[in-house]
Amino acid sequence: MGFFSFLGRVLFASLFILSAWQMFNDGGPAAKELAPKLDLVKAHLSSRLGVTLPKIEVRQFVATIIALKGVGGLLFVIGNIFGAYLLASYLVVFGPILYDFYNYGPQERHFSLLLTEFLQTVALFGALLFFIGMKNSTPAKKNLKKRTPKPKAA
């Protein structure tokens, strides 16, 4: 049972670790793709909040994504709950920004692709919540010594 649990965590975390590695190697194209999305989110938040937001550097944005996915994935593999929290925070904060299907109409080509990716993010978030719930519900392992049964008095 322990081996299959570990194998499942490795396969699950590989989604995040491999995509972080790909983003690290292709940092330039990722930054170019994210820049307009980040500007759009910044403009939307500025108009809603009524304040001017500071300039967000796209490279720092990409570095934060890589760090959350890489470190969170590695910690998740070893069964650390903090890794699951890092991955969940990545999905909650960056998922709606990266997969902005809501900026397109249903007839546009990008809509269905981005919606599919966003729904996959929601499913991954659900799996992480399940893992966190299971980790929090299992009691901590204690050093329980097997007690020898007392002999019955005659």
# chains A, B, ... in the order shown; residues from 1 in each chain; ligands from 1
call {"tool": "residues_around", "arguments": {"residues": "segment 122-128 of chain A", "least_positions_apart": "2", "cutoff": "10 Å", "atoms": "only C-alpha atoms", "output": "VMD selection string"}}
result
chain A and resid 12 15 76 81 83 to 85 87 to 92 95 to 96 116 to 120 130 to 134
call {"tool": "closest_residue", "arguments": {"among": "A:Lys150, A:Leu40, A:Leu86, A:Glu57", "to": "Lys69 of chain A", "atoms": "only C-alpha atoms"}}
result
A:Leu86
call {"tool": "atom_distance", "arguments": {"atom1": "atom CA of Tyr99 of chain A", "atom2": "atom CA of Leu114 of chain A"}}
result
5.1 Å
call {"tool": "residues_around", "arguments": {"residues": "Ile97 of chain A", "least_positions_apart": "5", "cutoff": "9 Å", "atoms": "only C-alpha atoms", "output": "ChimeraX atom specification"}}
result
/A:34,37-38,41
call {"tool": "closest_residue", "arguments": {"among": "A:Pro36, A:Thr64, A:Ile78, A:Ser137", "to": "Asn103 of chain A", "atoms": "only C-alpha atoms"}}
result
A:Pro36
call {"tool": "select_by_dssp", "arguments": {"residues": "segment 57-147 of chain A", "states": "alpha helix (DSSP H)", "output": "PyMOL selection string"}}
result
chain A and resi 58-77+81-98+109-137
call {"tool": "atom_distance", "arguments": {"atom1": "atom CA of Ala31 of chain A", "atom2": "atom CA of Arg48 of chain A"}}
result
25.1 Å
call {"tool": "closest_residue", "arguments": {"among": "A:Asp39, A:Val10, A:Ala153, A:Leu98", "to": "Ile56 of chain A", "atoms": "only C-alpha atoms"}}
result
A:Asp39
call {"tool": "atom_distance", "arguments": {"atom1": "atom CA of Ala63 of chain A", "atom2": "atom CA of Ala20 of chain A"}}
result
9.4 Å
call {"tool": "decode", "arguments": {"residues": "segment 47-146 of chain A", "atoms": "C-alpha atoms", "output": "mmCIF file, in the first residue's frame"}}
result
data_model
loop_
_atom_site.group_PDB
_atom_site.id
_atom_site.type_symbol
_atom_site.label_atom_id
_atom_site.label_comp_id
_atom_site.auth_asym_id
_atom_site.auth_seq_id
_atom_site.Cartn_x
_atom_site.Cartn_y
_atom_site.Cartn_z
ATOM 1 C CA SER A 47 -10.337 49.419 -12.378
ATOM 2 C CA ARG A 48 -12.238 47.359 -9.784
ATOM 3 C CA LEU A 49 -10.213 48.516 -6.774
ATOM 4 C CA GLY A 50 -9.826 52.109 -7.927
ATOM 5 C CA VAL A 51 -6.099 52.193 -7.208
ATOM 6 C CA THR A 52 -3.038 51.955 -9.391
ATOM 7 C CA LEU A 53 -1.227 48.667 -8.846
ATOM 8 C CA PRO A 54 2.565 48.543 -8.952
ATOM 9 C CA LYS A 55 4.311 47.200 -12.029
ATOM 10 C CA ILE A 56 4.643 43.437 -11.865
ATOM 11 C CA GLU A 57 7.745 42.064 -13.517
ATOM 12 C CA VAL A 58 6.868 39.098 -15.736
ATOM 13 C CA ARG A 59 10.147 37.312 -14.980
ATOM 14 C CA GLN A 60 9.385 37.436 -11.248
ATOM 15 C CA PHE A 61 5.930 36.097 -12.001
ATOM 16 C CA VAL A 62 7.431 33.187 -13.955
ATOM 17 C CA ALA A 63 10.037 32.577 -11.225
ATOM 18 C CA THR A 64 7.285 32.405 -8.597
ATOM 19 C CA ILE A 65 5.360 29.877 -10.684
ATOM 20 C CA ILE A 66 8.475 27.746 -11.162
ATOM 21 C CA ALA A 67 9.313 27.895 -7.453
ATOM 22 C CA LEU A 68 5.810 26.956 -6.307
ATOM 23 C CA LYS A 69 5.516 24.085 -8.778
ATOM 24 C CA GLY A 70 9.058 22.778 -8.308
ATOM 25 C CA VAL A 71 9.373 22.989 -4.529
ATOM 26 C CA GLY A 72 5.742 22.060 -3.961
ATOM 27 C CA GLY A 73 6.032 19.050 -6.254
ATOM 28 C CA LEU A 74 9.206 17.775 -4.607
ATOM 29 C CA LEU A 75 7.761 18.178 -1.108
ATOM 30 C CA PHE A 76 4.543 16.508 -2.229
ATOM 31 C CA VAL A 77 6.473 13.462 -3.480
ATOM 32 C CA ILE A 78 7.930 12.833 -0.043
ATOM 33 C CA GLY A 79 4.474 13.160 1.492
ATOM 34 C CA ASN A 80 4.911 16.581 3.085
ATOM 35 C CA ILE A 81 1.625 18.429 3.481
ATOM 36 C CA PHE A 82 3.359 21.807 2.988
ATOM 37 C CA GLY A 83 4.084 20.767 -0.601
ATOM 38 C CA ALA A 84 0.382 20.149 -1.143
ATOM 39 C CA TYR A 85 -0.375 23.615 0.237
ATOM 40 C CA LEU A 86 2.195 25.172 -2.134
ATOM 41 C CA LEU A 87 0.690 23.378 -5.128
ATOM 42 C CA ALA A 88 -2.841 24.316 -4.063
ATOM 43 C CA SER A 89 -1.853 27.980 -3.683
ATOM 44 C CA TYR A 90 -0.307 27.868 -7.163
ATOM 45 C CA LEU A 91 -3.531 26.486 -8.616
ATOM 46 C CA VAL A 92 -5.755 29.005 -6.822
ATOM 47 C CA VAL A 93 -3.681 32.108 -7.542
ATOM 48 C CA PHE A 94 -2.216 31.412 -10.965
ATOM 49 C CA GLY A 95 -4.823 29.092 -12.506
ATOM 50 C CA PRO A 96 -7.371 31.806 -13.333
ATOM 51 C CA ILE A 97 -4.607 34.042 -14.719
ATOM 52 C CA LEU A 98 -2.966 31.406 -16.902
ATOM 53 C CA TYR A 99 -6.187 29.875 -18.230
ATOM 54 C CA ASP A 100 -8.284 32.984 -18.864
ATOM 55 C CA PHE A 101 -11.100 31.380 -20.845
ATOM 56 C CA TYR A 102 -13.481 34.060 -19.509
ATOM 57 C CA ASN A 103 -11.831 36.641 -21.804
ATOM 58 C CA TYR A 104 -13.023 34.812 -24.927
ATOM 59 C CA GLY A 105 -16.411 34.044 -26.403
ATOM 60 C CA PRO A 106 -17.649 30.439 -26.619
ATOM 61 C CA GLN A 107 -17.243 30.455 -30.412
ATOM 62 C CA GLU A 108 -13.583 31.475 -30.340
ATOM 63 C CA ARG A 109 -10.864 28.882 -30.766
ATOM 64 C CA HIS A 110 -9.019 29.721 -27.529
ATOM 65 C CA PHE A 111 -12.131 29.365 -25.363
ATOM 66 C CA SER A 112 -12.461 25.572 -25.419
ATOM 67 C CA LEU A 113 -8.720 24.980 -25.010
ATOM 68 C CA LEU A 114 -8.409 27.355 -22.057
ATOM 69 C CA LEU A 115 -11.624 26.075 -20.473
ATOM 70 C CA THR A 116 -10.326 22.508 -20.668
ATOM 71 C CA GLU A 117 -7.031 23.513 -19.059
ATOM 72 C CA PHE A 118 -8.868 25.449 -16.345
ATOM 73 C CA LEU A 119 -11.134 22.494 -15.569
ATOM 74 C CA GLN A 120 -8.053 20.280 -15.314
ATOM 75 C CA THR A 121 -6.675 22.787 -12.804
ATOM 76 C CA VAL A 122 -9.905 22.538 -10.807
ATOM 77 C CA ALA A 123 -9.640 18.731 -10.830
ATOM 78 C CA LEU A 124 -6.020 18.867 -9.644
ATOM 79 C CA PHE A 125 -7.054 21.268 -6.899
ATOM 80 C CA GLY A 126 -9.749 18.809 -5.812
ATOM 81 C CA ALA A 127 -7.191 16.001 -5.682
ATOM 82 C CA LEU A 128 -4.908 18.169 -3.541
ATOM 83 C CA LEU A 129 -7.777 18.976 -1.184
ATOM 84 C CA PHE A 130 -8.464 15.248 -0.885
ATOM 85 C CA PHE A 131 -4.784 14.605 -0.055
ATOM 86 C CA ILE A 132 -4.754 17.401 2.518
ATOM 87 C CA GLY A 133 -7.955 16.074 4.067
ATOM 88 C CA MET A 134 -6.557 12.569 4.267
ATOM 89 C CA LYS A 135 -3.310 13.812 5.824
ATOM 90 C CA ASN A 136 -5.210 15.851 8.404
ATOM 91 C CA SER A 137 -7.627 13.051 9.277
ATOM 92 C CA THR A 138 -5.072 10.325 9.926
ATOM 93 C CA PRO A 139 -3.824 10.252 13.495
ATOM 94 C CA ALA A 140 -0.145 10.786 14.114
ATOM 95 C CA LYS A 141 1.813 7.586 14.438
ATOM 96 C CA LYS A 142 2.779 6.896 18.001
ATOM 97 C CA ASN A 143 5.210 4.423 19.376
ATOM 98 C CA LEU A 144 2.744 1.856 20.462
ATOM 99 C CA LYS A 145 4.288 -1.097 22.141
ATOM 100 C CA LYS A 146 2.472 -4.339 21.908
#
